[in-house]
file model_12.txt (compact mmCIF, C-alpha atoms and all ligand atoms)
# COMPACT_ATOMS: atom_id res chain seq x y z
CA MET N 649 11.29 -5.48 -7.61
CA ASN N 650 7.82 -6.22 -8.89
CA ARG N 651 5.34 -4.06 -7.07
CA HIS N 652 1.97 -5.46 -6.28
CA GLN N 653 -1.07 -3.48 -7.20
CA ILE N 654 -3.59 -2.31 -4.68
CA ILE N 655 -7.29 -2.13 -5.33
CA CYS N 656 -10.04 -0.28 -3.60
CA LEU N 657 -12.64 -0.78 -6.26
CA CYS N 658 -14.47 2.35 -5.41
CA ALA N 659 -18.20 1.94 -5.81
CA SER N 660 -17.77 -1.21 -7.74
CA PHE N 661 -19.63 -4.11 -6.36
CA ILE N 662 -23.30 -4.59 -6.33
CA VAL N 663 -24.92 -5.90 -3.19
CA TYR N 664 -28.40 -7.28 -2.97
CA ILE N 665 -29.18 -7.34 0.74
CA TYR N 666 -26.32 -9.61 1.59
CA LYS N 667 -25.59 -11.19 -1.72
CA VAL N 668 -22.77 -9.65 -3.70
CA GLU N 669 -22.91 -9.94 -7.43
CA ALA N 670 -19.75 -11.80 -8.34
CA ILE N 671 -17.89 -10.24 -11.23
CA PRO N 672 -15.05 -12.46 -12.42
CA GLN N 673 -11.38 -11.45 -12.52
CA ARG N 674 -11.66 -8.51 -10.23
CA ASP N 675 -11.22 -8.01 -6.60
CA TYR N 676 -13.76 -6.16 -4.57
CA GLY N 677 -12.07 -4.87 -1.52
CA ALA N 678 -11.39 -5.96 1.96
CA ARG N 679 -13.30 -8.72 3.64
CA ILE N 680 -12.93 -10.91 6.67
CA ILE N 681 -11.06 -14.11 5.94
CA GLY N 682 -10.94 -16.24 9.07
CA GLY N 683 -11.60 -14.56 12.36
CA GLN N 684 -14.35 -15.11 14.87
CA VAL N 685 -18.01 -14.26 15.16
CA ALA N 686 -18.54 -11.25 17.44
CA TYR N 687 -20.90 -11.53 20.40
CA ALA N 688 -23.85 -9.16 20.82
CA GLY N 689 -22.63 -5.76 21.99
CA GLN N 690 -18.92 -6.58 21.62
CA PHE N 691 -18.41 -3.83 19.06
CA PRO N 692 -21.44 -1.57 19.59
CA PHE N 693 -20.12 0.98 17.12
CA ALA N 694 -20.10 -1.40 14.12
CA ALA N 695 -22.24 -0.06 11.28
CA ALA N 696 -23.45 -1.87 8.16
CA VAL N 697 -23.78 0.68 5.37
CA HIS N 698 -25.76 -0.02 2.21
CA VAL N 699 -24.74 2.57 -0.33
CA GLN N 700 -26.70 3.68 -3.32
CA THR N 701 -25.16 5.89 -6.00
CA THR N 702 -26.85 7.06 -9.19
CA ASP N 703 -25.84 3.87 -10.97
CA SER N 704 -24.86 1.25 -8.39
CA LYS N 705 -25.50 -0.31 -5.01
CA PHE N 706 -22.82 -1.73 -2.78
CA PHE N 707 -21.97 -2.54 0.81
CA CYS N 708 -19.53 -0.89 3.19
CA GLY N 709 -18.67 -1.08 6.83
CA GLY N 710 -18.49 1.92 9.11
CA ALA N 711 -18.21 3.01 12.72
CA LEU N 712 -20.55 5.16 14.79
CA THR N 713 -18.68 8.20 16.10
CA GLY N 714 -20.92 10.39 18.22
CA ASN N 715 -24.66 9.87 18.07
CA ASP N 716 -25.26 11.17 14.57
CA TRP N 717 -22.19 10.34 12.48
CA VAL N 718 -20.69 7.26 10.88
CA ILE N 719 -17.08 7.28 9.78
CA THR N 720 -16.22 5.18 6.76
CA ALA N 721 -13.98 5.14 3.69
CA GLY N 722 -14.08 8.04 1.23
CA HIS N 723 -14.82 5.65 -1.62
CA CYS N 724 -17.92 4.51 0.28
CA VAL N 725 -19.49 7.98 0.23
CA TYR N 726 -18.11 9.14 -3.13
CA ASN N 727 -21.10 9.86 -5.40
CA GLY N 728 -23.44 8.52 -2.71
CA VAL N 729 -27.12 9.30 -3.11
CA LEU N 730 -28.65 7.28 -0.28
CA PHE N 731 -27.12 5.48 2.68
CA THR N 732 -29.10 2.89 4.63
CA ILE N 733 -27.26 2.27 7.86
CA GLN N 734 -27.86 -0.48 10.35
CA LEU N 735 -26.60 -0.10 13.91
CA GLY N 736 -26.95 -1.98 17.17
CA SER N 737 -26.92 -5.48 15.71
CA ASN N 738 -24.30 -8.02 14.65
CA HIS N 739 -26.56 -9.44 11.98
CA LEU N 740 -27.33 -8.08 8.55
CA GLU N 741 -30.74 -9.70 8.75
CA SER N 742 -32.40 -10.16 12.14
CA ASP N 743 -34.78 -8.67 14.62
CA ASP N 744 -32.09 -8.24 17.30
CA PRO N 745 -32.96 -5.95 20.21
CA GLY N 746 -31.07 -2.68 19.92
CA ARG N 747 -31.18 -2.70 16.17
CA VAL N 748 -31.71 0.67 14.49
CA THR N 749 -31.93 1.42 10.77
CA ILE N 750 -31.26 4.89 9.46
CA ALA N 751 -31.59 6.35 5.99
CA THR N 752 -29.75 9.51 5.08
CA SER N 753 -28.25 11.28 2.09
CA THR N 754 -25.88 13.62 3.90
CA TYR N 755 -22.16 12.98 3.79
CA ILE N 756 -18.81 14.73 3.90
CA LEU N 757 -16.07 13.33 1.69
CA HIS N 758 -12.52 14.31 2.56
CA PRO N 759 -11.71 17.21 0.19
CA ASP N 760 -8.41 15.60 -0.86
CA PHE N 761 -9.83 12.13 -1.56
CA ASN N 762 -8.39 10.81 -4.79
CA PRO N 763 -10.35 7.89 -6.27
CA ASP N 764 -7.44 6.86 -8.50
CA THR N 765 -4.70 6.71 -5.89
CA ILE N 766 -7.06 5.99 -2.94
CA GLU N 767 -5.33 8.79 -1.02
CA ASN N 768 -7.26 10.39 1.86
CA ASP N 769 -9.84 7.62 1.68
CA ILE N 770 -12.08 8.82 4.50
CA GLY N 771 -15.62 10.13 4.74
CA LEU N 772 -18.40 10.88 7.19
CA ILE N 773 -22.12 10.18 6.97
CA LYS N 774 -24.53 12.33 8.96
CA PHE N 775 -27.92 11.23 10.30
CA ARG N 776 -30.94 13.49 10.22
CA ARG N 777 -31.51 12.84 13.91
CA PRO N 778 -29.22 11.44 16.62
CA VAL N 779 -29.64 7.80 17.70
CA ASP N 780 -30.14 6.72 21.29
CA TYR N 781 -27.39 4.54 22.68
CA ASN N 782 -28.17 1.12 24.17
CA ILE N 783 -26.00 -1.76 25.32
CA TYR N 784 -25.66 -2.91 21.71
CA LEU N 785 -25.21 0.53 20.22
CA GLY N 786 -22.59 3.11 21.15
CA PRO N 787 -19.82 5.26 19.70
CA VAL N 788 -16.08 4.85 19.13
CA TYR N 789 -13.61 7.68 18.62
CA PRO N 790 -10.24 8.15 16.92
CA PRO N 791 -7.26 8.13 19.28
CA GLU N 792 -5.46 11.34 20.14
CA PHE N 793 -2.10 9.74 19.41
CA SER N 794 -0.50 8.07 16.42
CA LEU N 795 -0.93 4.34 15.80
CA GLN N 796 2.26 2.35 16.35
CA ASP N 797 3.87 -0.26 14.11
CA ASP N 798 3.49 -3.85 15.24
CA ALA N 799 0.34 -2.98 17.19
CA SER N 800 -2.37 -5.58 17.76
CA VAL N 801 -5.62 -4.39 16.29
CA TYR N 802 -9.01 -5.82 15.40
CA ALA N 803 -10.54 -5.62 11.95
CA LEU N 804 -14.28 -6.09 11.79
CA GLY N 805 -16.87 -6.59 9.15
CA TRP N 806 -19.56 -8.54 7.40
CA GLY N 807 -17.41 -8.97 4.29
CA GLN N 808 -16.92 -12.10 2.26
CA THR N 809 -15.33 -14.96 4.11
CA SER N 810 -13.28 -16.26 1.18
CA ASP N 811 -12.26 -15.25 -2.34
CA THR N 812 -14.61 -17.81 -3.81
CA ASP N 813 -17.69 -17.09 -1.71
CA PRO N 814 -19.24 -13.86 -2.94
CA GLU N 815 -21.84 -13.59 -0.21
CA LEU N 816 -21.46 -11.33 2.74
CA SER N 817 -21.49 -12.92 6.17
CA ASN N 818 -24.77 -12.47 8.03
CA GLU N 819 -22.77 -12.28 11.26
CA LEU N 820 -20.27 -9.62 12.22
CA ARG N 821 -16.78 -11.14 12.33
CA PHE N 822 -13.60 -9.85 13.89
CA LEU N 823 -9.98 -10.75 13.50
CA LEU N 824 -6.89 -9.89 15.51
CA ILE N 825 -4.17 -8.63 13.18
CA ARG N 826 -0.91 -6.70 13.44
CA THR N 827 0.13 -3.41 11.89
CA ILE N 828 3.39 -3.29 9.95
CA SER N 829 5.57 -0.27 9.32
CA ASN N 830 4.87 1.83 6.22
CA ALA N 831 8.46 1.09 5.08
CA GLU N 832 7.65 -2.61 5.18
CA CYS N 833 4.36 -2.04 3.38
CA ARG N 834 6.10 0.02 0.66
CA MET N 835 8.36 -2.96 -0.04
CA ILE N 836 5.22 -4.76 -1.17
CA TYR N 837 3.10 -2.00 -2.70
CA GLY N 838 5.62 0.75 -3.49
CA ASP N 839 5.12 4.48 -3.14
CA GLN N 840 1.37 4.22 -3.40
CA ILE N 841 1.49 3.82 0.37
CA THR N 842 1.31 7.28 1.94
CA ASP N 843 1.98 8.20 5.57
CA ASN N 844 -1.76 8.46 6.12
CA MET N 845 -2.24 4.76 5.38
CA VAL N 846 -1.37 1.74 7.48
CA CYS N 847 -1.03 -1.90 6.45
CA ALA N 848 -1.81 -4.91 8.59
CA ILE N 849 -1.32 -8.65 8.38
CA GLY N 850 -2.64 -11.70 10.15
CA ASN N 851 -1.70 -15.33 10.47
CA TYR N 852 -1.10 -17.11 7.16
CA ASN N 853 -3.83 -15.84 4.83
CA GLU N 854 -6.16 -14.80 7.61
CA GLY N 855 -5.44 -11.18 8.18
CA THR N 856 -4.49 -10.38 4.64
CA CYS N 857 -7.83 -9.16 3.57
CA ILE N 858 -9.96 -8.04 6.35
CA GLY N 859 -13.13 -6.21 7.05
CA ASP N 860 -15.42 -4.51 4.67
CA ASN N 861 -14.45 -1.45 2.78
CA GLY N 862 -14.87 1.42 5.18
CA GLY N 863 -15.08 -0.97 8.12
CA PRO N 864 -13.39 -0.17 11.41
CA LEU N 865 -9.88 -1.08 12.53
CA VAL N 866 -9.79 -0.72 16.31
CA ALA N 867 -7.23 -1.02 19.09
CA GLY N 868 -8.20 -1.99 22.63
CA TYR N 869 -7.18 0.26 25.50
CA GLY N 870 -8.40 -1.30 28.73
CA LYS N 871 -12.09 -1.83 28.23
CA TYR N 872 -12.35 0.80 25.50
CA TYR N 873 -11.64 0.68 21.81
CA ALA N 874 -10.16 3.45 19.73
CA LEU N 875 -10.90 3.72 16.03
CA VAL N 876 -7.39 3.64 14.57
CA GLY N 877 -8.23 2.95 10.93
CA VAL N 878 -10.81 2.54 8.19
CA ALA N 879 -10.54 -0.36 5.70
CA SER N 880 -9.40 1.05 2.38
CA PHE N 881 -7.69 -1.38 -0.01
CA VAL N 882 -6.54 -4.93 -0.57
CA SER N 883 -4.01 -6.61 -2.79
CA ALA N 884 -5.07 -7.03 -6.39
CA ASN N 885 -3.75 -10.58 -6.03
CA GLY N 886 -6.89 -11.50 -4.17
CA CYS N 887 -8.02 -11.55 -0.64
CA GLU N 888 -6.46 -14.84 0.25
CA SER N 889 -3.05 -13.82 -1.03
CA LEU N 890 -0.43 -13.28 1.64
CA ASN N 891 -0.22 -9.54 1.05
CA PRO N 892 -1.27 -7.07 3.74
CA SER N 893 -4.52 -5.17 3.64
CA GLY N 894 -4.56 -1.38 3.83
CA TYR N 895 -6.36 1.10 6.03
CA THR N 896 -6.68 4.85 6.23
CA ARG N 897 -5.20 5.97 9.55
CA THR N 898 -7.65 8.11 11.52
CA TYR N 899 -5.11 10.03 13.61
CA PRO N 900 -3.87 12.28 10.76
CA TYR N 901 -7.50 13.29 10.19
CA LEU N 902 -8.38 13.88 13.84
CA GLU N 903 -8.84 17.63 13.47
CA TRP N 904 -10.85 17.22 10.28
CA ILE N 905 -13.09 14.63 11.97
CA GLN N 906 -13.53 16.74 15.09
CA ASN N 907 -14.19 19.91 13.12
CA ASN N 908 -16.90 18.20 11.11
CA THR N 909 -18.60 16.03 13.72
CA ARG N 910 -18.51 18.44 16.63
CA GLN N 911 -21.95 18.87 18.16
CA ASP N 912 -23.55 22.27 17.73
CA GLU N 913 -23.19 23.04 21.42
CA TYR N 914 -19.42 23.06 21.06
CA LEU N 915 -19.39 25.41 18.13
C1 LIG N 1001 -10.48 23.02 11.99
O1 LIG N 1001 -11.12 24.23 12.37
C2 LIG N 1001 -10.20 25.26 12.69
C3 LIG N 1001 -11.00 26.45 13.25
O2 LIG N 1001 -12.03 26.79 12.37
C4 LIG N 1001 -9.39 25.64 11.45
O3 LIG N 1001 -8.48 26.63 11.75
C5 LIG N 1001 -8.65 24.38 10.96
O4 LIG N 1001 -7.97 24.67 9.75
C6 LIG N 1001 -9.61 23.24 10.73
N1 LIG N 1001 -8.85 22.07 10.40
C7 LIG N 1001 -9.22 21.18 9.51
C8 LIG N 1001 -8.28 20.05 9.25
O5 LIG N 1001 -10.28 21.23 8.91

call {"tool": "encode", "arguments": {"input": "model_12.txt", "output": "structure tokens", "more": "lines below"}}
Ligand SMILES: *[C@@H]1O[C@H](CO)[C@@H](O)[C@H](O)[C@H]1NC(C)=O
result
Amino acid sequence: MNRHQIICLCASFIVYIYKVEAIPQRDYGARIIGGQVAYAGQFPFAAAVHVQTTDSKFFCGGALTGNDWVITAGHCVYNGVLFTIQLGSNHLESDDPGRVTIATSTYILHPDFNPDTIENDIGLIKFRRPVDYNIYLGPVYPPEFSLQDDASVYALGWGQTSDTDPELSNELRFLLIRTISNAECRMIYGDQITDNMVCAIGNYNEGTCIGDNGGPLVAGYGKYYALVGVASFVSANGCESLNPSGYTRTYPYLEWIQNNTRQDEYL
């Protein structure tokens, strides 16, 4: 069988505020195709992360976990020099109430992150000072149990809304998608899919390419959300192809996340 390639395009696309420089013939990672515009405060943990490395600038999604950490993809922090993080607002550009902008250079990349295979694609960004929560700004945490196959989950992000439109969306979008088993995902992508990844699909071409790189994949439990994944890769066939998109599961990294983000008072 012909295996499809996966692409994370680590540190590869250039973002100017919310314009992405379009580079032909390549694919730049997960984005929201379809979906709905989120209402203010619906996902108070959603973080827009502008990343600067020594030689590039690009955009990632993230999720606030605790009051001084954002969890994102490993390839979003890899070689990072400066992170400008916007919280508490659904808009990339606005003067929404609740909006907070943070600049920091401190991050923790998972020690086993492999930029070639996209394994262990998870990282944490630390603020210099904690943020205050408000109704538009609050944390989300990884679940203390493993994510199931065929689970309904939401992908969120400001990513491109189609393969042909290189601009980010000014509004946060979300999309209900469904996880598939890793066995099913390996039938499409082969052994590149490790147990610490999860693939998800939507209706027709909708869910195939969702959320920004590093953006949250969440499951609803009552009125709470749990952060079950972090957007990691998409099909090299393009975002609007029918292939699933890939996420780093958070559960296998729970101890690593807790060890690193634990507040000083718990140490
Ligand atoms: C978490 O911290 C404990 C106690 O220091 C240590 O034994 C364990 O190996 C750590 N786990 C990870 C995944 O970092």

call {"tool": "residues_around", "arguments": {"input": "model_12.txt", "residues": "Ala803 (chain N)", "least_positions_apart": "3", "cutoff": "12 Å", "atoms": "only C-alpha atoms", "output": "PyMOL selection string"}}
result
chain N and resi 678-686+691+694+709-711+800+806-807+820-827+847-850+854-868+873-880+893-895

call {"tool": "residues_near_ligand", "arguments": {"input": "model_12.txt", "ligand": "ligand LIG 1001 (chain N)", "cutoff": "9 Å", "atoms": "all atoms listed in the file", "output": "ChimeraX atom specification"}}
result
/N:901-908

call {"tool": "closest_atom_pairs", "arguments": {"input": "model_12.txt", "of": "region 699-771 of chain N", "to": "region 833-844 of chain N", "cutoff": "8 Å", "atoms": "only C-alpha atoms", "output": "JSON lines"}}
result
{"residue": "N:Thr765", "atom": "CA", "partner": "N:Gln840", "partner_atom": "CA", "distance": 7.0}
{"residue": "N:Glu767", "atom": "CA", "partner": "N:Thr842", "partner_atom": "CA", "distance": 7.4}
{"residue": "N:Asn768", "atom": "CA", "partner": "N:Asn844", "partner_atom": "CA", "distance": 7.2}

call {"tool": "write_last_selection", "arguments": {"input": "model_12.txt", "atoms": "C-alpha atoms", "output": "PDB file, in the coordinates of the input"}}
result
ATOM      1  CA  THR N 765      -4.700   6.710  -5.890  1.00  0.00           C
ATOM      2  CA  GLU N 767      -5.330   8.790  -1.020  1.00  0.00           C
ATOM      3  CA  ASN N 768      -7.260  10.390   1.860  1.00  0.00           C
TER       4      ASN N 768
END

call {"tool": "residues_around", "arguments": {"input": "model_12.txt", "residues": "Ile750 (chain N)", "least_positions_apart": "4", "cutoff": "8 Å", "atoms": "only C-alpha atoms", "output": "MDAnalysis selection string"}}
result
chainID N and resid 731:734 775

call {"tool": "atom_distance", "arguments": {"input": "model_12.txt", "atom1": "CA of His758 (chain N)", "atom2": "CA of Gln690 (chain N)"}}
result
29.0 Å

call {"tool": "atom_distance", "arguments": {"input": "model_12.txt", "atom1": "CA of Phe793 (chain N)", "atom2": "CA of Tyr872 (chain N)"}}
result
14.9 Å

call {"tool": "closest_residue", "arguments": {"input": "model_12.txt", "among": "N:Leu890, N:Asp760, N:Ser883, N:Ser829", "to": "Leu795 (chain N)", "atoms": "all atoms listed in the file"}}
result
N:Ser829

call {"tool": "atom_distance", "arguments": {"input": "model_12.txt", "atom1": "CA of Asn830 (chain N)", "atom2": "CA of Asn891 (chain N)"}}
result
13.5 Å

call {"tool": "decode", "arguments": {"input": "model_12.txt", "residues": "region 703-731 of chain N", "atoms": "N, CA and C atoms", "output": "mmCIF file, in the first residue's frame"}}
result
data_model
loop_
_atom_site.group_PDB
_atom_site.id
_atom_site.type_symbol
_atom_site.label_atom_id
_atom_site.label_comp_id
_atom_site.auth_asym_id
_atom_site.auth_seq_id
_atom_site.Cartn_x
_atom_site.Cartn_y
_atom_site.Cartn_z
ATOM 1 N N ASP N 703 15.951 32.750 12.937
ATOM 2 C CA ASP N 703 15.831 33.086 11.514
ATOM 3 C C ASP N 703 14.412 33.034 10.953
ATOM 4 N N SER N 704 13.400 32.894 11.793
ATOM 5 C CA SER N 704 12.041 32.883 11.238
ATOM 6 C C SER N 704 11.018 33.352 12.257
ATOM 7 N N LYS N 705 9.814 33.615 11.737
ATOM 8 C CA LYS N 705 8.675 33.963 12.582
ATOM 9 C C LYS N 705 7.520 33.125 12.100
ATOM 10 N N PHE N 706 6.759 32.563 13.011
ATOM 11 C CA PHE N 706 5.598 31.798 12.581
ATOM 12 C C PHE N 706 4.563 31.792 13.690
ATOM 13 N N PHE N 707 3.423 31.206 13.393
ATOM 14 C CA PHE N 707 2.282 31.246 14.302
ATOM 15 C C PHE N 707 1.944 29.843 14.790
ATOM 16 N N CYS N 708 1.612 29.735 16.059
ATOM 17 C CA CYS N 708 1.151 28.468 16.614
ATOM 18 C C CYS N 708 -0.036 28.726 17.528
ATOM 19 N N GLY N 709 -0.801 27.672 17.760
ATOM 20 C CA GLY N 709 -1.806 27.725 18.804
ATOM 21 C C GLY N 709 -1.235 27.145 20.079
ATOM 22 N N GLY N 710 -1.960 27.318 21.168
ATOM 23 C CA GLY N 710 -1.538 26.748 22.436
ATOM 24 C C GLY N 710 -2.701 26.767 23.405
ATOM 25 N N ALA N 711 -2.472 26.226 24.592
ATOM 26 C CA ALA N 711 -3.511 26.215 25.619
ATOM 27 C C ALA N 711 -2.909 26.597 26.960
ATOM 28 N N LEU N 712 -3.606 27.481 27.664
ATOM 29 C CA LEU N 712 -3.156 27.897 28.994
ATOM 30 C C LEU N 712 -3.389 26.754 29.976
ATOM 31 N N THR N 713 -2.340 26.343 30.687
ATOM 32 C CA THR N 713 -2.491 25.271 31.667
ATOM 33 C C THR N 713 -1.849 25.749 32.965
ATOM 34 N N GLY N 714 -2.660 26.112 33.936
ATOM 35 C CA GLY N 714 -2.157 26.844 35.093
ATOM 36 C C GLY N 714 -2.037 28.301 34.711
ATOM 37 N N ASN N 715 -1.646 29.143 35.662
ATOM 38 C CA ASN N 715 -1.659 30.577 35.347
ATOM 39 C C ASN N 715 -0.344 31.123 34.814
ATOM 40 N N ASP N 716 0.626 30.250 34.585
ATOM 41 C CA ASP N 716 1.860 30.760 33.992
ATOM 42 C C ASP N 716 2.505 29.818 32.979
ATOM 43 N N TRP N 717 1.700 28.939 32.382
ATOM 44 C CA TRP N 717 2.245 28.019 31.381
ATOM 45 C C TRP N 717 1.298 27.895 30.198
ATOM 46 N N VAL N 718 1.865 27.798 29.015
ATOM 47 C CA VAL N 718 1.106 27.413 27.829
ATOM 48 C C VAL N 718 1.685 26.106 27.311
ATOM 49 N N ILE N 719 0.788 25.197 26.962
ATOM 50 C CA ILE N 719 1.210 23.924 26.391
ATOM 51 C C ILE N 719 0.967 23.991 24.886
ATOM 52 N N THR N 720 1.956 23.548 24.129
ATOM 53 C CA THR N 720 1.871 23.650 22.675
ATOM 54 C C THR N 720 2.650 22.486 22.073
ATOM 55 N N ALA N 721 2.875 22.534 20.754
ATOM 56 C CA ALA N 721 3.652 21.472 20.113
ATOM 57 C C ALA N 721 5.142 21.712 20.356
ATOM 58 N N GLY N 722 5.913 20.628 20.355
ATOM 59 C CA GLY N 722 7.362 20.747 20.493
ATOM 60 C C GLY N 722 7.956 21.567 19.359
ATOM 61 N N HIS N 723 7.433 21.372 18.143
ATOM 62 C CA HIS N 723 8.023 22.094 17.010
ATOM 63 C C HIS N 723 7.713 23.582 17.071
ATOM 64 N N CYS N 724 6.781 23.974 17.948
ATOM 65 C CA CYS N 724 6.494 25.402 18.115
ATOM 66 C C CYS N 724 7.489 26.090 19.046
ATOM 67 N N VAL N 725 8.129 25.345 19.912
ATOM 68 C CA VAL N 725 9.109 25.958 20.820
ATOM 69 C C VAL N 725 10.557 25.704 20.395
ATOM 70 N N TYR N 726 10.735 24.681 19.551
ATOM 71 C CA TYR N 726 12.055 24.271 19.073
ATOM 72 C C TYR N 726 12.798 25.485 18.503
ATOM 73 N N ASN N 727 13.958 25.778 19.046
ATOM 74 C CA ASN N 727 14.769 26.934 18.608
ATOM 75 C C ASN N 727 14.098 28.285 18.838
ATOM 76 N N GLY N 728 13.091 28.319 19.692
ATOM 77 C CA GLY N 728 12.385 29.572 19.960
ATOM 78 C C GLY N 728 13.273 30.579 20.691
ATOM 79 N N VAL N 729 13.139 31.824 20.310
ATOM 80 C CA VAL N 729 13.904 32.889 20.948
ATOM 81 C C VAL N 729 12.961 33.804 21.718
ATOM 82 N N LEU N 730 11.802 34.079 21.122
ATOM 83 C CA LEU N 730 10.818 34.950 21.765
ATOM 84 C C LEU N 730 9.410 34.475 21.412
ATOM 85 N N PHE N 731 8.569 34.376 22.429
ATOM 86 C CA PHE N 731 7.171 34.007 22.223
ATOM 87 C C PHE N 731 6.306 35.179 22.652
#
